[in-house]
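Below is structure19.cif, holding mmCIF, N, CA and C atoms and all ligand atoms.
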```cif
data_entry
#
loop_
_atom_site.label_atom_id
_atom_site.label_comp_id
_atom_site.auth_asym_id
_atom_site.auth_seq_id
_atom_site.Cartn_x
_atom_site.Cartn_y
_atom_site.Cartn_z
N MET A 1 -21.60 2.41 2.09
CA MET A 1 -21.22 1.11 1.54
C MET A 1 -21.39 0.04 2.63
N LYS A 2 -21.79 -1.17 2.22
CA LYS A 2 -21.92 -2.24 3.22
C LYS A 2 -20.58 -2.98 3.34
N ILE A 3 -20.05 -3.01 4.57
CA ILE A 3 -18.72 -3.58 4.82
C ILE A 3 -18.83 -4.73 5.81
N ALA A 4 -18.20 -5.85 5.48
CA ALA A 4 -18.09 -6.97 6.41
C ALA A 4 -16.71 -6.90 7.07
N ILE A 5 -16.67 -7.06 8.38
CA ILE A 5 -15.39 -6.96 9.09
C ILE A 5 -15.23 -8.12 10.06
N ALA A 6 -13.99 -8.56 10.27
CA ALA A 6 -13.70 -9.59 11.26
C ALA A 6 -12.21 -9.54 11.57
N SER A 7 -11.83 -10.31 12.58
CA SER A 7 -10.42 -10.36 12.96
C SER A 7 -10.14 -11.72 13.60
N ASP A 8 -8.91 -11.88 14.09
CA ASP A 8 -8.64 -12.94 15.06
C ASP A 8 -8.28 -12.22 16.37
N HIS A 9 -7.72 -12.96 17.33
CA HIS A 9 -7.38 -12.34 18.61
C HIS A 9 -6.33 -11.23 18.44
N ALA A 10 -5.38 -11.45 17.52
CA ALA A 10 -4.30 -10.47 17.33
C ALA A 10 -4.80 -9.18 16.68
N GLY A 11 -5.90 -9.27 15.97
CA GLY A 11 -6.44 -8.08 15.31
C GLY A 11 -7.65 -7.51 16.01
N PHE A 12 -8.05 -8.14 17.12
CA PHE A 12 -9.34 -7.78 17.75
C PHE A 12 -9.41 -6.31 18.15
N GLU A 13 -8.36 -5.82 18.83
CA GLU A 13 -8.41 -4.43 19.33
C GLU A 13 -8.57 -3.45 18.17
N GLN A 14 -7.78 -3.63 17.12
CA GLN A 14 -7.90 -2.72 15.97
C GLN A 14 -9.22 -2.93 15.24
N LYS A 15 -9.69 -4.16 15.19
CA LYS A 15 -10.98 -4.41 14.52
C LYS A 15 -12.09 -3.59 15.18
N GLU A 16 -12.08 -3.57 16.51
CA GLU A 16 -13.10 -2.81 17.23
C GLU A 16 -12.99 -1.32 16.89
N ALA A 17 -11.76 -0.80 16.89
CA ALA A 17 -11.55 0.63 16.60
C ALA A 17 -11.89 0.95 15.15
N LEU A 18 -11.53 0.06 14.26
CA LEU A 18 -11.79 0.30 12.82
C LEU A 18 -13.27 0.19 12.49
N LYS A 19 -13.96 -0.67 13.23
CA LYS A 19 -15.42 -0.78 13.06
C LYS A 19 -16.07 0.57 13.40
N SER A 20 -15.67 1.16 14.52
CA SER A 20 -16.21 2.48 14.90
C SER A 20 -15.86 3.53 13.86
N TYR A 21 -14.65 3.46 13.35
CA TYR A 21 -14.22 4.43 12.33
C TYR A 21 -15.08 4.30 11.07
N LEU A 22 -15.36 3.08 10.66
CA LEU A 22 -16.20 2.86 9.47
C LEU A 22 -17.61 3.41 9.68
N VAL A 23 -18.14 3.21 10.87
CA VAL A 23 -19.49 3.74 11.18
C VAL A 23 -19.45 5.26 11.14
N GLU A 24 -18.38 5.85 11.71
CA GLU A 24 -18.22 7.33 11.68
C GLU A 24 -18.19 7.84 10.25
N LEU A 25 -17.61 7.06 9.35
CA LEU A 25 -17.53 7.47 7.94
C LEU A 25 -18.87 7.30 7.23
N GLY A 26 -19.84 6.68 7.92
CA GLY A 26 -21.17 6.54 7.34
C GLY A 26 -21.44 5.20 6.69
N HIS A 27 -20.57 4.22 6.90
CA HIS A 27 -20.76 2.90 6.29
C HIS A 27 -21.64 2.02 7.17
N GLU A 28 -22.26 1.04 6.51
CA GLU A 28 -23.03 0.03 7.24
C GLU A 28 -22.08 -1.15 7.48
N VAL A 29 -21.85 -1.48 8.74
CA VAL A 29 -20.82 -2.47 9.06
C VAL A 29 -21.45 -3.72 9.67
N GLU A 30 -21.11 -4.88 9.11
CA GLU A 30 -21.50 -6.13 9.75
C GLU A 30 -20.25 -6.77 10.35
N ASP A 31 -20.30 -6.97 11.67
CA ASP A 31 -19.15 -7.52 12.39
C ASP A 31 -19.32 -9.03 12.54
N PHE A 32 -18.41 -9.77 11.90
CA PHE A 32 -18.46 -11.24 11.94
C PHE A 32 -17.63 -11.82 13.08
N GLY A 33 -17.19 -10.96 13.99
CA GLY A 33 -16.50 -11.43 15.19
C GLY A 33 -14.98 -11.40 15.05
N PRO A 34 -14.31 -11.87 16.10
CA PRO A 34 -14.85 -12.40 17.33
C PRO A 34 -15.33 -11.28 18.25
N SER A 35 -15.91 -11.65 19.39
CA SER A 35 -16.42 -10.63 20.31
C SER A 35 -15.52 -10.44 21.52
N SER A 36 -14.36 -11.10 21.50
CA SER A 36 -13.37 -10.88 22.56
C SER A 36 -12.00 -11.19 21.97
N ASP A 37 -10.95 -10.94 22.75
CA ASP A 37 -9.61 -11.25 22.24
C ASP A 37 -9.14 -12.64 22.67
N ASP A 38 -10.07 -13.51 22.98
CA ASP A 38 -9.70 -14.91 23.24
C ASP A 38 -9.11 -15.52 21.96
N ARG A 39 -8.18 -16.43 22.13
CA ARG A 39 -7.48 -17.02 20.99
C ARG A 39 -8.44 -17.75 20.04
N VAL A 40 -8.35 -17.44 18.76
CA VAL A 40 -9.18 -18.10 17.74
C VAL A 40 -8.29 -18.40 16.52
N ASP A 41 -8.87 -19.08 15.53
CA ASP A 41 -8.13 -19.40 14.30
C ASP A 41 -8.59 -18.47 13.18
N TYR A 42 -7.65 -17.69 12.64
CA TYR A 42 -8.03 -16.66 11.66
C TYR A 42 -8.77 -17.18 10.42
N PRO A 43 -8.50 -18.42 9.93
CA PRO A 43 -9.24 -18.84 8.72
C PRO A 43 -10.76 -18.91 8.93
N ASP A 44 -11.18 -19.19 10.17
CA ASP A 44 -12.62 -19.26 10.45
C ASP A 44 -13.29 -17.90 10.20
N PHE A 45 -12.58 -16.84 10.50
CA PHE A 45 -13.14 -15.49 10.35
C PHE A 45 -12.93 -14.95 8.95
N ALA A 46 -11.82 -15.31 8.34
CA ALA A 46 -11.60 -14.94 6.93
C ALA A 46 -12.71 -15.52 6.07
N LYS A 47 -13.09 -16.76 6.36
CA LYS A 47 -14.15 -17.45 5.59
C LYS A 47 -15.46 -16.67 5.67
N LEU A 48 -15.84 -16.23 6.86
CA LEU A 48 -17.12 -15.54 7.02
C LEU A 48 -17.18 -14.25 6.20
N VAL A 49 -16.11 -13.46 6.27
CA VAL A 49 -16.09 -12.19 5.53
C VAL A 49 -15.97 -12.45 4.02
N ALA A 50 -15.11 -13.37 3.66
CA ALA A 50 -14.93 -13.67 2.23
C ALA A 50 -16.23 -14.17 1.62
N GLU A 51 -16.95 -15.01 2.33
CA GLU A 51 -18.23 -15.51 1.79
C GLU A 51 -19.27 -14.39 1.69
N ALA A 52 -19.27 -13.48 2.65
CA ALA A 52 -20.21 -12.34 2.58
C ALA A 52 -19.94 -11.51 1.33
N VAL A 53 -18.67 -11.30 1.01
CA VAL A 53 -18.32 -10.52 -0.19
C VAL A 53 -18.62 -11.34 -1.44
N SER A 54 -18.25 -12.61 -1.43
CA SER A 54 -18.47 -13.48 -2.58
C SER A 54 -19.96 -13.59 -2.92
N GLN A 55 -20.78 -13.64 -1.88
CA GLN A 55 -22.25 -13.78 -2.08
C GLN A 55 -22.94 -12.42 -2.19
N GLU A 56 -22.14 -11.36 -2.31
CA GLU A 56 -22.63 -9.98 -2.48
C GLU A 56 -23.55 -9.53 -1.34
N LYS A 57 -23.29 -10.08 -0.14
CA LYS A 57 -24.01 -9.59 1.04
C LYS A 57 -23.28 -8.36 1.59
N ALA A 58 -22.03 -8.19 1.18
CA ALA A 58 -21.26 -6.99 1.52
C ALA A 58 -20.49 -6.59 0.26
N GLU A 59 -20.29 -5.27 0.12
CA GLU A 59 -19.54 -4.80 -1.07
C GLU A 59 -18.03 -4.98 -0.88
N ARG A 60 -17.57 -4.78 0.34
CA ARG A 60 -16.15 -4.93 0.64
C ARG A 60 -15.99 -5.64 1.98
N GLY A 61 -14.82 -6.24 2.17
CA GLY A 61 -14.49 -6.89 3.42
C GLY A 61 -13.22 -6.31 4.02
N VAL A 62 -13.16 -6.30 5.33
CA VAL A 62 -11.95 -5.89 6.06
C VAL A 62 -11.64 -6.97 7.09
N LEU A 63 -10.40 -7.46 7.07
CA LEU A 63 -9.97 -8.52 7.99
C LEU A 63 -8.68 -8.08 8.68
N VAL A 64 -8.62 -8.28 9.98
CA VAL A 64 -7.42 -7.87 10.73
C VAL A 64 -6.89 -9.07 11.51
N CYS A 65 -5.62 -9.41 11.29
CA CYS A 65 -4.96 -10.41 12.14
C CYS A 65 -3.61 -9.82 12.55
N GLY A 66 -2.69 -10.65 13.00
CA GLY A 66 -1.40 -10.11 13.44
C GLY A 66 -0.69 -9.38 12.32
N THR A 67 -0.60 -10.05 11.18
CA THR A 67 0.09 -9.47 10.02
C THR A 67 -0.86 -9.10 8.87
N GLY A 68 -2.01 -9.73 8.81
CA GLY A 68 -2.90 -9.62 7.65
C GLY A 68 -2.61 -10.70 6.62
N ILE A 69 -1.49 -11.39 6.78
CA ILE A 69 -1.06 -12.35 5.76
C ILE A 69 -1.96 -13.59 5.73
N GLY A 70 -2.16 -14.20 6.89
CA GLY A 70 -2.99 -15.41 6.94
C GLY A 70 -4.41 -15.14 6.47
N MET A 71 -4.93 -13.98 6.86
CA MET A 71 -6.28 -13.61 6.44
C MET A 71 -6.37 -13.52 4.92
N ALA A 72 -5.35 -12.94 4.29
CA ALA A 72 -5.36 -12.80 2.82
C ALA A 72 -5.29 -14.16 2.14
N ILE A 73 -4.41 -15.01 2.64
CA ILE A 73 -4.26 -16.34 2.03
C ILE A 73 -5.59 -17.09 2.12
N ALA A 74 -6.21 -17.04 3.28
CA ALA A 74 -7.48 -17.77 3.48
C ALA A 74 -8.60 -17.16 2.64
N ALA A 75 -8.75 -15.85 2.69
CA ALA A 75 -9.86 -15.20 1.98
C ALA A 75 -9.77 -15.44 0.48
N ASN A 76 -8.55 -15.49 -0.05
CA ASN A 76 -8.38 -15.69 -1.49
C ASN A 76 -8.76 -17.09 -1.97
N LYS A 77 -9.04 -17.99 -1.05
CA LYS A 77 -9.52 -19.33 -1.44
C LYS A 77 -11.00 -19.32 -1.79
N VAL A 78 -11.68 -18.23 -1.46
CA VAL A 78 -13.13 -18.16 -1.70
C VAL A 78 -13.38 -17.51 -3.06
N SER A 79 -14.22 -18.15 -3.82
CA SER A 79 -14.50 -17.71 -5.19
C SER A 79 -14.99 -16.25 -5.24
N GLY A 80 -14.44 -15.50 -6.16
CA GLY A 80 -14.88 -14.11 -6.35
C GLY A 80 -14.14 -13.11 -5.48
N VAL A 81 -13.29 -13.61 -4.60
CA VAL A 81 -12.58 -12.71 -3.68
C VAL A 81 -11.20 -12.35 -4.23
N ARG A 82 -10.89 -11.07 -4.13
CA ARG A 82 -9.54 -10.58 -4.43
C ARG A 82 -9.09 -9.84 -3.17
N ALA A 83 -8.42 -10.59 -2.30
CA ALA A 83 -8.00 -10.04 -1.00
C ALA A 83 -6.56 -9.56 -1.09
N VAL A 84 -6.29 -8.41 -0.48
CA VAL A 84 -4.95 -7.83 -0.51
C VAL A 84 -4.51 -7.46 0.91
N ASN A 85 -3.28 -7.82 1.20
CA ASN A 85 -2.67 -7.51 2.50
C ASN A 85 -1.90 -6.20 2.34
N ILE A 86 -2.38 -5.15 2.97
CA ILE A 86 -1.90 -3.80 2.68
C ILE A 86 -1.31 -3.14 3.92
N VAL A 87 -0.12 -2.52 3.75
CA VAL A 87 0.51 -1.82 4.87
C VAL A 87 0.77 -0.34 4.58
N SER A 88 0.33 0.16 3.40
CA SER A 88 0.50 1.59 3.13
C SER A 88 -0.68 2.10 2.31
N PRO A 89 -1.08 3.35 2.53
CA PRO A 89 -2.21 3.91 1.77
C PRO A 89 -1.98 3.87 0.26
N ASP A 90 -0.75 4.08 -0.19
CA ASP A 90 -0.48 4.06 -1.64
C ASP A 90 -0.81 2.70 -2.24
N PHE A 91 -0.47 1.65 -1.54
CA PHE A 91 -0.78 0.31 -2.06
C PHE A 91 -2.29 0.04 -2.03
N ALA A 92 -2.96 0.63 -1.05
CA ALA A 92 -4.43 0.48 -1.00
C ALA A 92 -5.04 1.09 -2.26
N VAL A 93 -4.55 2.27 -2.65
CA VAL A 93 -5.05 2.93 -3.86
C VAL A 93 -4.79 2.05 -5.08
N LEU A 94 -3.58 1.55 -5.20
CA LEU A 94 -3.23 0.73 -6.38
C LEU A 94 -3.99 -0.59 -6.41
N SER A 95 -4.26 -1.15 -5.24
CA SER A 95 -5.00 -2.42 -5.20
C SER A 95 -6.43 -2.25 -5.70
N ARG A 96 -6.95 -1.05 -5.57
CA ARG A 96 -8.28 -0.76 -6.12
C ARG A 96 -8.17 -0.40 -7.61
N GLN A 97 -7.26 0.52 -7.93
CA GLN A 97 -7.17 1.00 -9.31
C GLN A 97 -6.80 -0.13 -10.28
N HIS A 98 -5.85 -0.95 -9.91
CA HIS A 98 -5.32 -1.94 -10.84
C HIS A 98 -5.89 -3.34 -10.66
N ASN A 99 -6.20 -3.70 -9.40
CA ASN A 99 -6.57 -5.10 -9.11
C ASN A 99 -8.04 -5.28 -8.73
N ASN A 100 -8.77 -4.18 -8.61
CA ASN A 100 -10.18 -4.23 -8.20
C ASN A 100 -10.34 -5.11 -6.96
N ALA A 101 -9.45 -4.91 -6.00
CA ALA A 101 -9.50 -5.70 -4.76
C ALA A 101 -10.81 -5.46 -4.02
N ASN A 102 -11.36 -6.51 -3.44
CA ASN A 102 -12.64 -6.35 -2.72
C ASN A 102 -12.55 -6.73 -1.24
N VAL A 103 -11.42 -7.28 -0.83
CA VAL A 103 -11.21 -7.57 0.60
C VAL A 103 -9.84 -7.02 1.00
N LEU A 104 -9.83 -6.27 2.08
CA LEU A 104 -8.62 -5.64 2.59
C LEU A 104 -8.20 -6.38 3.85
N THR A 105 -6.95 -6.82 3.91
CA THR A 105 -6.47 -7.46 5.13
C THR A 105 -5.37 -6.60 5.75
N LEU A 106 -5.47 -6.44 7.05
CA LEU A 106 -4.62 -5.49 7.77
C LEU A 106 -3.86 -6.15 8.91
N SER A 107 -2.75 -5.53 9.26
CA SER A 107 -1.96 -5.99 10.40
C SER A 107 -2.32 -5.21 11.65
N GLY A 108 -2.77 -5.94 12.66
CA GLY A 108 -3.06 -5.30 13.94
C GLY A 108 -1.84 -5.21 14.85
N ARG A 109 -0.76 -5.90 14.48
CA ARG A 109 0.42 -5.93 15.34
C ARG A 109 1.57 -5.06 14.85
N PHE A 110 1.64 -4.86 13.54
CA PHE A 110 2.82 -4.17 12.98
C PHE A 110 2.50 -2.83 12.32
N VAL A 111 1.22 -2.50 12.21
CA VAL A 111 0.82 -1.23 11.58
C VAL A 111 -0.04 -0.47 12.58
N GLU A 112 0.29 0.82 12.74
CA GLU A 112 -0.44 1.67 13.68
C GLU A 112 -1.90 1.85 13.24
N LEU A 113 -2.75 2.05 14.23
CA LEU A 113 -4.18 2.24 13.95
C LEU A 113 -4.42 3.40 12.99
N GLU A 114 -3.71 4.51 13.19
CA GLU A 114 -3.95 5.67 12.32
C GLU A 114 -3.59 5.37 10.87
N THR A 115 -2.54 4.59 10.66
CA THR A 115 -2.18 4.20 9.29
C THR A 115 -3.24 3.28 8.71
N ASN A 116 -3.74 2.35 9.51
CA ASN A 116 -4.78 1.45 9.02
C ASN A 116 -6.06 2.22 8.68
N LYS A 117 -6.34 3.29 9.41
CA LYS A 117 -7.50 4.13 9.06
C LYS A 117 -7.29 4.78 7.70
N GLU A 118 -6.08 5.29 7.47
CA GLU A 118 -5.77 5.91 6.17
C GLU A 118 -5.89 4.88 5.04
N ILE A 119 -5.42 3.66 5.32
CA ILE A 119 -5.50 2.58 4.33
C ILE A 119 -6.96 2.28 4.00
N ILE A 120 -7.79 2.17 5.03
CA ILE A 120 -9.21 1.89 4.82
C ILE A 120 -9.87 3.00 4.01
N GLN A 121 -9.58 4.22 4.39
CA GLN A 121 -10.17 5.38 3.68
C GLN A 121 -9.79 5.33 2.19
N ALA A 122 -8.52 5.05 1.91
CA ALA A 122 -8.06 4.96 0.51
C ALA A 122 -8.74 3.80 -0.21
N PHE A 123 -8.84 2.68 0.47
CA PHE A 123 -9.42 1.48 -0.14
C PHE A 123 -10.88 1.69 -0.51
N LEU A 124 -11.60 2.41 0.34
CA LEU A 124 -13.04 2.56 0.12
C LEU A 124 -13.40 3.71 -0.81
N THR A 125 -12.45 4.58 -1.08
CA THR A 125 -12.80 5.75 -1.90
C THR A 125 -12.13 5.71 -3.28
N THR A 126 -11.40 4.66 -3.57
CA THR A 126 -10.71 4.58 -4.86
C THR A 126 -11.44 3.61 -5.79
N ASP A 127 -11.71 4.05 -7.01
CA ASP A 127 -12.40 3.20 -7.99
C ASP A 127 -11.42 2.37 -8.80
N PHE A 128 -11.91 1.24 -9.27
CA PHE A 128 -11.16 0.43 -10.25
C PHE A 128 -11.04 1.25 -11.54
N GLU A 129 -9.83 1.26 -12.12
CA GLU A 129 -9.61 2.05 -13.34
C GLU A 129 -10.17 1.38 -14.58
N GLY A 130 -10.36 0.07 -14.55
CA GLY A 130 -10.84 -0.62 -15.76
C GLY A 130 -9.79 -0.56 -16.86
N GLY A 131 -10.23 -0.34 -18.08
CA GLY A 131 -9.30 -0.23 -19.20
C GLY A 131 -8.40 -1.44 -19.32
N ARG A 132 -7.09 -1.18 -19.40
CA ARG A 132 -6.13 -2.28 -19.60
C ARG A 132 -6.12 -3.27 -18.42
N HIS A 133 -6.64 -2.83 -17.27
CA HIS A 133 -6.64 -3.72 -16.10
C HIS A 133 -7.79 -4.72 -16.11
N THR A 134 -8.81 -4.45 -16.92
CA THR A 134 -10.00 -5.32 -16.90
C THR A 134 -9.66 -6.74 -17.31
N GLY A 135 -8.94 -6.89 -18.40
CA GLY A 135 -8.60 -8.22 -18.90
C GLY A 135 -7.67 -8.95 -17.95
N ARG A 136 -6.79 -8.18 -17.30
CA ARG A 136 -5.84 -8.82 -16.37
C ARG A 136 -6.57 -9.36 -15.15
N VAL A 137 -7.50 -8.56 -14.63
CA VAL A 137 -8.27 -9.03 -13.47
C VAL A 137 -9.12 -10.23 -13.88
N GLN A 138 -9.68 -10.18 -15.10
CA GLN A 138 -10.46 -11.32 -15.58
C GLN A 138 -9.59 -12.58 -15.64
N LYS A 139 -8.34 -12.41 -16.06
CA LYS A 139 -7.43 -13.58 -16.11
C LYS A 139 -7.18 -14.14 -14.71
N ILE A 140 -7.13 -13.26 -13.71
CA ILE A 140 -7.02 -13.75 -12.33
C ILE A 140 -8.24 -14.59 -11.98
N MET A 141 -9.40 -14.04 -12.30
CA MET A 141 -10.65 -14.74 -11.94
C MET A 141 -10.78 -16.05 -12.71
N ASP A 142 -10.26 -16.09 -13.92
CA ASP A 142 -10.31 -17.32 -14.72
C ASP A 142 -9.50 -18.44 -14.06
N LEU A 143 -8.54 -18.09 -13.22
CA LEU A 143 -7.75 -19.11 -12.53
C LEU A 143 -8.58 -19.94 -11.55
N GLU A 144 -9.77 -19.42 -11.22
CA GLU A 144 -10.65 -20.14 -10.28
C GLU A 144 -11.29 -21.36 -10.93
N HIS A 145 -11.31 -21.39 -12.29
CA HIS A 145 -12.09 -22.45 -12.96
C HIS A 145 -11.21 -23.56 -13.52
C1 LIG B 1 -1.69 -15.29 15.34
O1 LIG B 1 -0.64 -15.51 16.25
C2 LIG B 1 -1.10 -14.91 13.98
O2 LIG B 1 -0.47 -16.01 13.41
C3 LIG B 1 -2.20 -14.37 13.09
O3 LIG B 1 -2.80 -13.29 13.71
C4 LIG B 1 -1.77 -13.88 11.71
O4 LIG B 1 -0.73 -12.95 11.81
C5 LIG B 1 -1.56 -14.89 10.69
O5 LIG B 1 -1.23 -14.60 9.54
#
```

Here is a file; write its structure as structure tokens.
Ligand code: RB5
Amino acid sequence: MKIAIASDHAGFEQKEALKSYLVELGHEVEDFGPSSDDRVDYPDFAKLVAEAVSQEKAERGVLVCGTGIGMAIAANKVSGVRAVNIVSPDFAVLSRQHNNANVLTLSGRFVELETNKEIIQAFLTTDFEGGRHTGRVQKIMDLEH
């Protein structure tokens, strides 16, 4: 799967580790930065990944900041994006099954790397269930217009 990834300074260390993990899993990863842990503004990086997903240049996005919260708020401003801030593998599964989430935002400060790996694995291997969830997700997308 083609994955777009980025972080801010607070998520940089985990972003680097998670990028390697995604490559190990066999995914094609495009890293939208940053390239160091110098202080940056997370919306700049959320925008790059969200636009890659919105424009179908990537199938999924992964964003890491201190909490994942700011990244989710910013990414959800981009049309076609359903970004979710996830701290447990179970919620990653549900965000795919019920919400057809396409961007995952993670906490680099409050969630251990191993847990974030489990979250990513769940997020990338779980399909949208469709059915009764299809109309609900469509209603979310209709809010964009
Ligand atoms: C940066 O200090 C921090 O605010 C950012 O990484 C993120 O947690 C915002 O939601």

(Q) If I take CA of Leu48 in chain A and CA of Phe32 in chain A, how far is one from the other in Å, to one decimal? (A)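 Answer for the CA of Leu48 in chain A to CA of Phe32 in chain A separation: 6.7 Å.
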
Determine the axis-aligned bounding box of all atoms of ligand LIG 1 (chain B) present in the file, pad each side by 5 Å, and express its centre and edge lengths in Å to one decimal place as AutoDock Vina command-line options.
```
--center_x -1.6 --center_y -14.5 --center_z 12.9 --size_x 12.3 --size_y 13.1 --size_z 16.7
```

Q: Using all atoms listed in the file, determine which residues lie at most 8 Å from Ser95 in chain A, disregarding the query and same-chain residues fewer than 4 positions distant; provide the list as an MDAnalysis selection string.
A: chainID A and resid 84 89:91 99:102 123 126:128

(Q) Measuring between all atoms listed in the file, which one of A:His9, A:Lys139, A:Lys77, A:Lys47 shows the shortest distance to ligand LIG 1 (chain B)? (A)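 Among the listed residues, the smallest separation from ligand LIG 1 (chain B) belongs to A:His9.
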
Q: Provide the CA of Asp8 in chain A to CA of Glu144 in chain A distance in Å, to one decimal place.
A: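 These atoms are spaced 26.4 Å apart.
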
Q) What's the 5 Å shell around Ala58 in chain A, counting all atoms listed in the file, without same-chain residues fewer than 4 positions away, as an MDAnalysis selection string? A) chainID A and resid 2 52:53

Q. Which of these, A:Leu18, A:Ile3, A:Val137, A:Ala75, has the shortest distance to ligand LIG 1 (chain B) once you count only C-alpha atoms and all ligand atoms?
A.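 Among the listed residues, A:Ala75 lies closest to ligand LIG 1 (chain B).
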
(Q) Using only N, CA and C atoms and all ligand atoms, which residues have at least one atom no more than 6.5 Å from ligand LIG 1 (chain B)? Output them as a PyMOL selection string. (A) chain A and resi 8-11+42+64-71

Selection to disk with N, CA and C atoms, as a tab-separated table (two decimals), in the coordinates of the input:
```
chain	number	residue	atom	x	y	z
A	8	ASP	N	-8.91	-11.88	14.09
A	8	ASP	CA	-8.64	-12.94	15.06
A	8	ASP	C	-8.28	-12.22	16.37
A	9	HIS	N	-7.72	-12.96	17.33
A	9	HIS	CA	-7.38	-12.34	18.61
A	9	HIS	C	-6.33	-11.23	18.44
A	10	ALA	N	-5.38	-11.45	17.52
A	10	ALA	CA	-4.30	-10.47	17.33
A	10	ALA	C	-4.80	-9.18	16.68
A	11	GLY	N	-5.90	-9.27	15.97
A	11	GLY	CA	-6.44	-8.08	15.31
A	11	GLY	C	-7.65	-7.51	16.01
A	42	TYR	N	-7.65	-17.69	12.64
A	42	TYR	CA	-8.03	-16.66	11.66
A	42	TYR	C	-8.77	-17.18	10.42
A	64	VAL	N	-8.62	-8.28	9.98
A	64	VAL	CA	-7.42	-7.87	10.73
A	64	VAL	C	-6.89	-9.07	11.51
A	65	CYS	N	-5.62	-9.41	11.29
A	65	CYS	CA	-4.96	-10.41	12.14
A	65	CYS	C	-3.61	-9.82	12.55
A	66	GLY	N	-2.69	-10.65	13.00
A	66	GLY	CA	-1.40	-10.11	13.44
A	66	GLY	C	-0.69	-9.38	12.32
A	67	THR	N	-0.60	-10.05	11.18
A	67	THR	CA	0.09	-9.47	10.02
A	67	THR	C	-0.86	-9.10	8.87
A	68	GLY	N	-2.01	-9.73	8.81
A	68	GLY	CA	-2.90	-9.62	7.65
A	68	GLY	C	-2.61	-10.70	6.62
A	69	ILE	N	-1.49	-11.39	6.78
A	69	ILE	CA	-1.06	-12.35	5.76
A	69	ILE	C	-1.96	-13.59	5.73
A	70	GLY	N	-2.16	-14.20	6.89
A	70	GLY	CA	-2.99	-15.41	6.94
A	70	GLY	C	-4.41	-15.14	6.47
A	71	MET	N	-4.93	-13.98	6.86
A	71	MET	CA	-6.28	-13.61	6.44
A	71	MET	C	-6.37	-13.52	4.92
```

Q) What is the distance, in Å and to one decimal place, between atom N of Ile140 in chain A and atom C of Gln97 in chain A? A) 13.6 Å

Q) From the list A:Pro43, A:Gly61, A:Gly80, A:Gly108, which residue is nearest Phe12 in chain A when using only C-alpha atoms? A)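 For Phe12 in chain A, the nearest of the given residues is A:Gly108.
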
Q) Out of A:Ile119, A:Leu113, A:Ala72, A:Leu63, which residue has the shortest atom-to-atom distance to Val93 in chain A when counting all atoms listed in the file? A)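 So, comparing all the options, the nearest one is A:Ile119.
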
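If only C-alpha atoms are the atoms counted, then among A:Leu22, A:Ile120, A:Val78, A:Ala17 the closest residue to Ala50 in chain A is A:Val78.
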
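Shortest separation to Met1 in chain A among A:Val49, A:Asp38, A:Gly33, A:Arg60 occurs at residue A:Arg60, atoms counted being only N, CA and C atoms.
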
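Looking only at range 52-99 of chain A, the set that DSSP places in helix (DSSP H, G or I) from backbone geometry is Ala52, Val53, Ser54, Ile69, Gly70, Met71, Ala72, Ile73, Ala74, Ala75, Pro89, Asp90, Phe91, Ala92, Val93, Leu94, Ser95, Arg96 and Gln97 of chain A.
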
Q) Out of range 7-38 of chain A, which residues get strand (DSSP E or B) from DSSP, as a PyMOL selection string? A) chain A and resi 7+28-31

**Q.** Spatial sel., origin (-12.5, -0.3, 14.7), limit 7 Å, all atoms listed in the file, listed as a ChimeraX atom specification
**A.** /A:13-22
